[in-house]
Amino acid sequence: MEAFKNPFSLHLNAEDFLPAADEEKQQLIIMRESTTFWKDAWRRLTHNKVAMAAFVVIIIAILFAFVAPSFYPYAYDQQIRGSEFLHPMQYSAKELKAISAGQSVFPHFLGTDMHGRDMVIRLMMGTKISLLVGIIASMLVLLIGTVYGAISGFFGGVVDLVMMRIVDVIYSIPDMLTIILLQVTLKAPLTNLFDAHPSLGWLQAMGVPMVSIFLTFSLLYWTNMARIIRGQIMALKEQEFVTAAHALGASNSRIIIKHLIPNCISVLIVTATLEIPRAIFTEAFLSFLGLGVMNPMASLGSLASDAIGGMESYTYLLVAPAVAISLVILSFNLFGDGLRDAFDPKLKENK
Amino acid sequence: MGAYAIKRIGYALLTIFFISIITFTLMNLIPGGPFLSEKNIPPETVKALNVKYGLDKPLPQQYLNYMGKLITGDLGDSLKQKGRSADDIIFTAFPISAKLGGISILVAVILGVFMGSVSALNRGRFWDRLLMVVSTLGIAVPSFVMAAFLMLVFGVKLRWLPTMGLHSVTAFIMPCATLAFYPMSYITRLMRSGMLDALDQDYIRTAKSKGVGKSLLLFKHALRNAVLPVITYLGPMIAYTVTGSFVVETVFNIPGLGREFIQCITARDYPLVMSTTIFLAVLIVLMNLVVDLSYKLIDPRITLQ
């Protein structure tokens, strides 16, 4: 009967209204699955070979610094008598005797230093301290910069003006000079403070130089982060969802925390990542000046600078930490760049 | 422009005031006087010394005294180097550092601009890749590692270059290379992206279609616009060169202001630390001011707030 239907008839074809078969449904599905912001960024990041290589190096460095020492037979402050200044894979006379007596002696893959300390474990310790300095400093910068920048950007007007002028002044203070000064002068007051208040023991465990490094970072280095966040917040606060939140009676702090900061999270991550190598760099520089971590603790910077004095005869002592610090800084820089490209591919086009 | 300049100068003065307050407060936080490190001084002598150097007066007055002297150009005496004034030490040491820093900045800018342009013009090809590897390394290697490496290879192993002092022309090579490596790498990257950006612009295509020659196109049209980000980097670069000189002068044993600064820090020579810091800080702030003001002259398109 259908076959004879008049094409101009207004009668509807009942078959058109039957539920679709699975096969038909399949045709309607769009070729690619819809992707979220994070998935998209992750895909771009994993396709970036340089960034992934850097990421692998960072993971290896973290394992090397935090996991490997617990399996290693030497301790970072263990001074082996008679094993001073061993070249890589060399054994001291005492150790050779032990070996010939059938005992097994763990080799010094990178030799030992002037006090007979094994360089591999020193390097692990150094990497650990450098990474910790970088990560903690970057977290402090992230925290202070975000809070400051968000308040300044959100309230605008006079608040913004005053807050940004303060940033301008702090920004134009030469940071390295101030850091050196703070390092020199904070040592004594901090030691006094720790002696007077034993409850601050956890801070003391980090050591006075570490505390003053973090203090200087939290005093001086957050300005860049604050400026970036302020710019982001100022652009975001004009958008409709903020007006909507206001209309619903959300408080200012709720709008900042729940609506504005989550929207600049990618900028936060990128800036914080790029802050890590900067902190490692600064700590290394301070160690070189003798203002960094104290013996027997070690950072990559202090290991390298300790080795400079004797580098003519004991070059190997310099090479390992120098390579390690360059590699760590390089990896964080490249990974940070990769993250930025992944979050904001528009930026990459004119690079 | 006038209002902008006045505003910038006002900020610069405010910054300098801030720095002097910071240095002064910090110096006074240190418990014990500067004379404590010398053994067995009778208390009367310490008192006499304190009176002589004005350390017995209340702090605000000490600060005012200090600033008053500073403005008249008297930077105070060194506590440790007997009979030498801070101005004397600063002005004998500074020209050496200035020469070193000036040469390094020149080298960094010239090589950086050249390398960045070469890199951009050969985008994706061998030279671009090589220069990008070099400049990436330059940003990642700390200056003291670089200094030690150069010294080891060219000074100790090959014995081509002197390892200390600045007594000959060849002695400048290693310190300047160390100081210039980081800023050169940074400028190379800035220049590369600036050049790629500029070459993409419509006016370059217009110039090309008008039949402008290749070298004129590059130097007159592209380079002038690509070089602008490099000028904005000059301010930070001056600050970097000052701090870099601490490392370089210490490693290569050059009697400049950088080594002097590190020495007076180790010796806790407060007046000298303070006057050197203020001197260097004022230098950096003023240089930044000059760079800031010169943007407008160089690029009239920039509207200054």
# chains A, B, ... in the order shown; residues from 1 in each chain; ligands from 1
$ residues_around --residues "B:Asp292" --least-positions-apart "2" --cutoff "10 Å" --atoms "only C-alpha atoms" --output "ChimeraX atom specification"
/B:5,8,231-232,234-235,286-290,294-297
$ closest_atom_pairs --of "stretch 176-294 of chain A" --to "stretch 307-329 of chain A" --cutoff "12 Å" --atoms "only C-alpha atoms" --output "CSV"
residue,atom,partner,partner_atom,distance
A:Thr273,CA,A:Ile329,CA,10.8
A:Leu274,CA,A:Ile329,CA,9.5
A:Glu275,CA,A:Ile329,CA,10.4
A:Ile276,CA,A:Ile329,CA,8.2
A:Pro277,CA,A:Ile329,CA,4.9
A:Arg278,CA,A:Ile329,CA,8.0
A:Ala279,CA,A:Ile329,CA,9.6
A:Ile280,CA,A:Ile329,CA,7.3
A:Phe281,CA,A:Ile329,CA,7.5
A:Thr282,CA,A:Ile329,CA,11.2
A:Glu283,CA,A:Ile325,CA,11.0
A:Ala284,CA,A:Ile325,CA,8.6
A:Phe285,CA,A:Ile325,CA,11.5
A:Ser287,CA,A:Ala307,CA,11.8
A:Phe288,CA,A:Ile308,CA,9.4
A:Leu289,CA,A:Ile308,CA,12.0
$ write_last_selection --atoms "N, CA and C atoms" --output "PDB file, in the first residue's frame"
ATOM      1  N   THR A 273      55.648  26.000  37.928  1.00  0.00           N
ATOM      2  CA  THR A 273      56.670  25.067  37.413  1.00  0.00           C
ATOM      3  C   THR A 273      57.925  25.822  37.007  1.00  0.00           C
ATOM      4  N   LEU A 274      57.745  26.966  36.347  1.00  0.00           N
ATOM      5  CA  LEU A 274      58.912  27.718  35.893  1.00  0.00           C
ATOM      6  C   LEU A 274      59.617  28.421  37.054  1.00  0.00           C
ATOM      7  N   GLU A 275      58.941  28.491  38.201  1.00  0.00           N
ATOM      8  CA  GLU A 275      59.561  29.093  39.383  1.00  0.00           C
ATOM      9  C   GLU A 275      60.536  28.115  40.040  1.00  0.00           C
ATOM     10  N   ILE A 276      60.319  26.815  39.839  1.00  0.00           N
ATOM     11  CA  ILE A 276      61.171  25.799  40.474  1.00  0.00           C
ATOM     12  C   ILE A 276      62.635  25.926  40.036  1.00  0.00           C
ATOM     13  N   PRO A 277      62.929  25.934  38.710  1.00  0.00           N
ATOM     14  CA  PRO A 277      64.342  26.067  38.333  1.00  0.00           C
ATOM     15  C   PRO A 277      64.962  27.364  38.828  1.00  0.00           C
ATOM     16  N   ARG A 278      64.150  28.419  38.911  1.00  0.00           N
ATOM     17  CA  ARG A 278      64.673  29.691  39.383  1.00  0.00           C
ATOM     18  C   ARG A 278      65.141  29.569  40.831  1.00  0.00           C
ATOM     19  N   ALA A 279      64.333  28.883  41.650  1.00  0.00           N
ATOM     20  CA  ALA A 279      64.709  28.707  43.050  1.00  0.00           C
ATOM     21  C   ALA A 279      65.952  27.836  43.177  1.00  0.00           C
ATOM     22  N   ILE A 280      66.025  26.780  42.368  1.00  0.00           N
ATOM     23  CA  ILE A 280      67.195  25.894  42.413  1.00  0.00           C
ATOM     24  C   ILE A 280      68.451  26.680  42.030  1.00  0.00           C
ATOM     25  N   PHE A 281      68.302  27.482  40.998  1.00  0.00           N
ATOM     26  CA  PHE A 281      69.380  28.354  40.530  1.00  0.00           C
ATOM     27  C   PHE A 281      69.859  29.282  41.651  1.00  0.00           C
ATOM     28  N   THR A 282      68.886  29.926  42.317  1.00  0.00           N
ATOM     29  CA  THR A 282      69.234  30.875  43.375  1.00  0.00           C
ATOM     30  C   THR A 282      69.944  30.177  44.517  1.00  0.00           C
ATOM     31  N   GLU A 283      69.431  28.990  44.904  1.00  0.00           N
ATOM     32  CA  GLU A 283      70.057  28.259  46.003  1.00  0.00           C
ATOM     33  C   GLU A 283      71.489  27.893  45.621  1.00  0.00           C
ATOM     34  N   ALA A 284      71.686  27.476  44.361  1.00  0.00           N
ATOM     35  CA  ALA A 284      73.026  27.093  43.909  1.00  0.00           C
ATOM     36  C   ALA A 284      73.973  28.282  43.976  1.00  0.00           C
ATOM     37  N   PHE A 285      73.450  29.435  43.553  1.00  0.00           N
ATOM     38  CA  PHE A 285      74.254  30.657  43.588  1.00  0.00           C
ATOM     39  C   PHE A 285      74.650  30.996  45.023  1.00  0.00           C
ATOM     40  N   SER A 287      74.838  28.907  47.539  1.00  0.00           N
ATOM     41  CA  SER A 287      75.787  27.897  47.994  1.00  0.00           C
ATOM     42  C   SER A 287      77.183  28.242  47.518  1.00  0.00           C
ATOM     43  N   PHE A 288      77.258  28.738  46.291  1.00  0.00           N
ATOM     44  CA  PHE A 288      78.564  29.114  45.758  1.00  0.00           C
ATOM     45  C   PHE A 288      79.191  30.207  46.617  1.00  0.00           C
ATOM     46  N   LEU A 289      78.377  31.126  47.107  1.00  0.00           N
ATOM     47  CA  LEU A 289      78.890  32.210  47.934  1.00  0.00           C
ATOM     48  C   LEU A 289      79.081  31.767  49.380  1.00  0.00           C
TER      49      LEU A 289
END
$ closest_residue --among "B:Phe114, B:Phe252, B:Tyr11, B:Phe219" --to "chain A" --atoms "only C-alpha atoms"
B:Tyr11
$ residues_around --residues "B:Ser119" --least-positions-apart "6" --cutoff "9 Å" --atoms "only C-alpha atoms" --output "PyMOL selection string"
chain B and resi 125+127-132+188-189+191-192
$ write_last_selection --atoms "N, CA and C atoms" --output "PDB file, in the first residue's frame"
ATOM      1  N   ARG B 125      65.882  24.388  10.400  1.00  0.00           N
ATOM      2  CA  ARG B 125      67.038  23.752   9.770  1.00  0.00           C
ATOM      3  C   ARG B 125      68.188  23.604  10.752  1.00  0.00           C
ATOM      4  N   TRP B 127      71.117  25.091  11.495  1.00  0.00           N
ATOM      5  CA  TRP B 127      71.633  26.181  12.324  1.00  0.00           C
ATOM      6  C   TRP B 127      70.661  26.575  13.424  1.00  0.00           C
ATOM      7  N   ASP B 128      69.381  26.545  13.080  1.00  0.00           N
ATOM      8  CA  ASP B 128      68.350  26.873  14.064  1.00  0.00           C
ATOM      9  C   ASP B 128      68.405  25.878  15.222  1.00  0.00           C
ATOM     10  N   ARG B 129      68.436  24.586  14.862  1.00  0.00           N
ATOM     11  CA  ARG B 129      68.475  23.549  15.902  1.00  0.00           C
ATOM     12  C   ARG B 129      69.701  23.718  16.785  1.00  0.00           C
ATOM     13  N   LEU B 130      70.864  23.901  16.149  1.00  0.00           N
ATOM     14  CA  LEU B 130      72.120  24.013  16.898  1.00  0.00           C
ATOM     15  C   LEU B 130      72.069  25.201  17.851  1.00  0.00           C
ATOM     16  N   LEU B 131      71.649  26.354  17.318  1.00  0.00           N
ATOM     17  CA  LEU B 131      71.620  27.556  18.154  1.00  0.00           C
ATOM     18  C   LEU B 131      70.608  27.424  19.278  1.00  0.00           C
ATOM     19  N   MET B 132      69.502  26.715  19.006  1.00  0.00           N
ATOM     20  CA  MET B 132      68.509  26.530  20.068  1.00  0.00           C
ATOM     21  C   MET B 132      69.060  25.625  21.175  1.00  0.00           C
ATOM     22  N   THR B 188      69.160  35.522  22.329  1.00  0.00           N
ATOM     23  CA  THR B 188      68.996  34.704  21.131  1.00  0.00           C
ATOM     24  C   THR B 188      67.545  34.230  21.013  1.00  0.00           C
ATOM     25  N   ARG B 189      66.983  33.771  22.142  1.00  0.00           N
ATOM     26  CA  ARG B 189      65.603  33.264  22.107  1.00  0.00           C
ATOM     27  C   ARG B 189      64.596  34.386  21.873  1.00  0.00           C
ATOM     28  N   MET B 191      65.176  37.185  20.376  1.00  0.00           N
ATOM     29  CA  MET B 191      65.382  37.687  19.027  1.00  0.00           C
ATOM     30  C   MET B 191      64.764  36.741  18.007  1.00  0.00           C
ATOM     31  N   ARG B 192      64.891  35.443  18.266  1.00  0.00           N
ATOM     32  CA  ARG B 192      64.355  34.463  17.327  1.00  0.00           C
ATOM     33  C   ARG B 192      62.840  34.628  17.226  1.00  0.00           C
TER      34      ARG B 192
END
$ residues_around --residues "A:Gly292" --least-positions-apart "2" --cutoff "12 Å" --atoms "only C-alpha atoms" --output "PyMOL selection string"
chain A and resi 126+129-130+133+179-180+182-184+187+206-214+280-290+294-303+305-306
$ closest_residue --among "B:Thr241, B:Ser193, B:Ser20, B:Asn28" --to "chain A" --atoms "only C-alpha atoms"
B:Ser193
$ atom_distance --atom1 "atom CA of A:Ile257" --atom2 "atom CA of A:Gln239"
15.6 Å
$ interface_residues --of "chain B" --to "chain A" --cutoff "8 Å" --atoms "only C-alpha atoms" --output "ChimeraX atom specification"
/B:11,14-16,19,23,26-27,29-31,136-137,139-142,144-145,148,152,156,192-193,196-197,239,243,247,262,265,277,281,284-285
$ residues_around --residues "A:Gln232" --least-positions-apart "5" --cutoff "12 Å" --atoms "only C-alpha atoms" --output "PyMOL selection string"
chain A and resi 146+149-154+225-227+237-239+256+260-268
$ closest_residue --among "B:Thr178, B:Met195, B:Met146, B:Pro255" --to "B:Pro229" --atoms "only C-alpha atoms"
B:Met195
$ residues_around --residues "B:Leu217" --least-positions-apart "4" --cutoff "10 Å" --atoms "only C-alpha atoms" --output "MDAnalysis selection string"
chainID B and resid 199 204:205 207:208 211:213 221:223
$ residues_around --residues "stretch 99-113 of chain B" --least-positions-apart "3" --cutoff "7 Å" --atoms "only C-alpha atoms" --output "list of chain:residue names"
B:Pro95, B:Ile96, B:Gly116, B:Ser117, B:Cys176, B:Leu179, B:Ala180, B:Phe181, B:Pro183, B:Met184, B:Ser185, B:Ile187, B:Thr188, B:Met191, B:Thr241
$ decode --residues "stretch 187-202 of chain B" --atoms "all heavy atoms" --output "short mmCIF file (atom, residue, chain, number, x, y, z; two decimals), in the first residue's frame"
data_model
loop_
_atom_site.label_atom_id
_atom_site.label_comp_id
_atom_site.auth_asym_id
_atom_site.auth_seq_id
_atom_site.Cartn_x
_atom_site.Cartn_y
_atom_site.Cartn_z
N ILE B 187 68.83 36.46 24.91
CA ILE B 187 68.57 37.37 23.80
C ILE B 187 68.37 36.60 22.51
O ILE B 187 67.52 36.94 21.69
CB ILE B 187 69.73 38.39 23.67
CG1 ILE B 187 69.71 39.33 24.88
CG2 ILE B 187 69.61 39.20 22.39
CD1 ILE B 187 70.87 40.28 24.93
N THR B 188 69.16 35.52 22.33
CA THR B 188 69.00 34.70 21.13
C THR B 188 67.54 34.23 21.01
O THR B 188 66.94 34.32 19.94
CB THR B 188 69.93 33.48 21.18
OG1 THR B 188 71.27 33.94 21.34
CG2 THR B 188 69.83 32.66 19.92
N ARG B 189 66.98 33.77 22.14
CA ARG B 189 65.60 33.26 22.11
C ARG B 189 64.60 34.39 21.87
O ARG B 189 63.67 34.24 21.08
CB ARG B 189 65.29 32.54 23.41
CG ARG B 189 66.27 31.43 23.64
CD ARG B 189 66.01 30.68 24.90
NE ARG B 189 65.97 29.28 24.54
CZ ARG B 189 64.94 28.50 24.75
NH1 ARG B 189 63.88 28.94 25.33
NH2 ARG B 189 64.97 27.24 24.37
N LEU B 190 64.81 35.52 22.56
CA LEU B 190 63.92 36.67 22.35
C LEU B 190 63.94 37.11 20.91
O LEU B 190 62.92 37.36 20.28
CB LEU B 190 64.37 37.84 23.22
CG LEU B 190 64.01 37.86 24.68
CD1 LEU B 190 64.59 39.09 25.33
CD2 LEU B 190 62.51 37.85 24.84
N MET B 191 65.18 37.18 20.38
CA MET B 191 65.38 37.69 19.03
C MET B 191 64.76 36.74 18.01
O MET B 191 64.17 37.18 17.03
CB MET B 191 66.90 37.80 18.80
CG MET B 191 67.29 38.62 17.63
SD MET B 191 66.70 40.29 17.79
CE MET B 191 66.68 40.75 16.07
N ARG B 192 64.89 35.44 18.27
CA ARG B 192 64.36 34.46 17.33
C ARG B 192 62.84 34.63 17.23
O ARG B 192 62.29 34.73 16.12
CB ARG B 192 64.69 33.05 17.79
CG ARG B 192 64.16 31.98 16.89
CD ARG B 192 64.59 30.61 17.38
NE ARG B 192 64.11 29.57 16.49
CZ ARG B 192 62.93 28.97 16.62
NH1 ARG B 192 62.12 29.31 17.59
NH2 ARG B 192 62.57 28.02 15.77
N SER B 193 62.17 34.69 18.40
CA SER B 193 60.71 34.78 18.32
C SER B 193 60.29 36.14 17.79
O SER B 193 59.32 36.24 17.04
CB SER B 193 60.06 34.46 19.65
OG SER B 193 60.48 35.37 20.63
N GLY B 194 61.05 37.20 18.15
CA GLY B 194 60.73 38.53 17.64
C GLY B 194 60.86 38.59 16.12
O GLY B 194 60.02 39.17 15.43
N MET B 195 61.91 37.97 15.61
CA MET B 195 62.19 37.98 14.17
C MET B 195 61.12 37.18 13.43
O MET B 195 60.61 37.61 12.40
CB MET B 195 63.57 37.37 13.95
CG MET B 195 64.16 37.69 12.61
SD MET B 195 64.59 39.44 12.55
CE MET B 195 65.60 39.44 11.09
N LEU B 196 60.76 36.00 13.98
CA LEU B 196 59.73 35.18 13.33
C LEU B 196 58.42 35.95 13.29
O LEU B 196 57.70 35.92 12.29
CB LEU B 196 59.54 33.87 14.10
CG LEU B 196 60.64 32.83 13.93
CD1 LEU B 196 60.36 31.62 14.79
CD2 LEU B 196 60.76 32.41 12.48
N ASP B 197 58.13 36.65 14.38
CA ASP B 197 56.94 37.47 14.47
C ASP B 197 56.96 38.56 13.40
O ASP B 197 55.98 38.77 12.68
CB ASP B 197 56.93 38.13 15.85
CG ASP B 197 55.57 38.06 16.47
OD1 ASP B 197 54.78 37.22 16.02
OD2 ASP B 197 55.30 38.85 17.38
N ALA B 198 58.10 39.26 13.32
CA ALA B 198 58.22 40.39 12.40
C ALA B 198 58.12 39.93 10.95
O ALA B 198 57.45 40.57 10.14
CB ALA B 198 59.53 41.12 12.65
N LEU B 199 58.76 38.80 10.65
CA LEU B 199 58.78 38.34 9.26
C LEU B 199 57.39 37.94 8.79
O LEU B 199 57.12 37.85 7.60
CB LEU B 199 59.74 37.15 9.11
CG LEU B 199 61.22 37.49 9.19
CD1 LEU B 199 62.05 36.23 9.14
CD2 LEU B 199 61.61 38.42 8.05
N ASP B 200 56.49 37.69 9.76
CA ASP B 200 55.15 37.25 9.45
C ASP B 200 54.21 38.42 9.14
O ASP B 200 53.09 38.23 8.70
CB ASP B 200 54.61 36.51 10.68
CG ASP B 200 53.96 35.21 10.27
OD1 ASP B 200 54.36 34.68 9.22
OD2 ASP B 200 53.07 34.75 11.00
N GLN B 201 54.68 39.65 9.41
CA GLN B 201 53.80 40.81 9.33
C GLN B 201 53.50 41.22 7.88
O GLN B 201 54.26 40.93 6.96
CB GLN B 201 54.44 42.00 10.04
CG GLN B 201 54.74 41.76 11.50
CD GLN B 201 53.48 41.75 12.33
OE1 GLN B 201 52.55 42.48 12.06
NE2 GLN B 201 53.45 40.88 13.33
N ASP B 202 52.40 41.94 7.75
CA ASP B 202 51.98 42.37 6.42
C ASP B 202 52.96 43.33 5.77
O ASP B 202 53.19 43.28 4.57
CB ASP B 202 50.61 43.05 6.51
CG ASP B 202 49.52 42.06 6.88
OD1 ASP B 202 49.78 40.85 6.69
OD2 ASP B 202 48.47 42.48 7.37
#
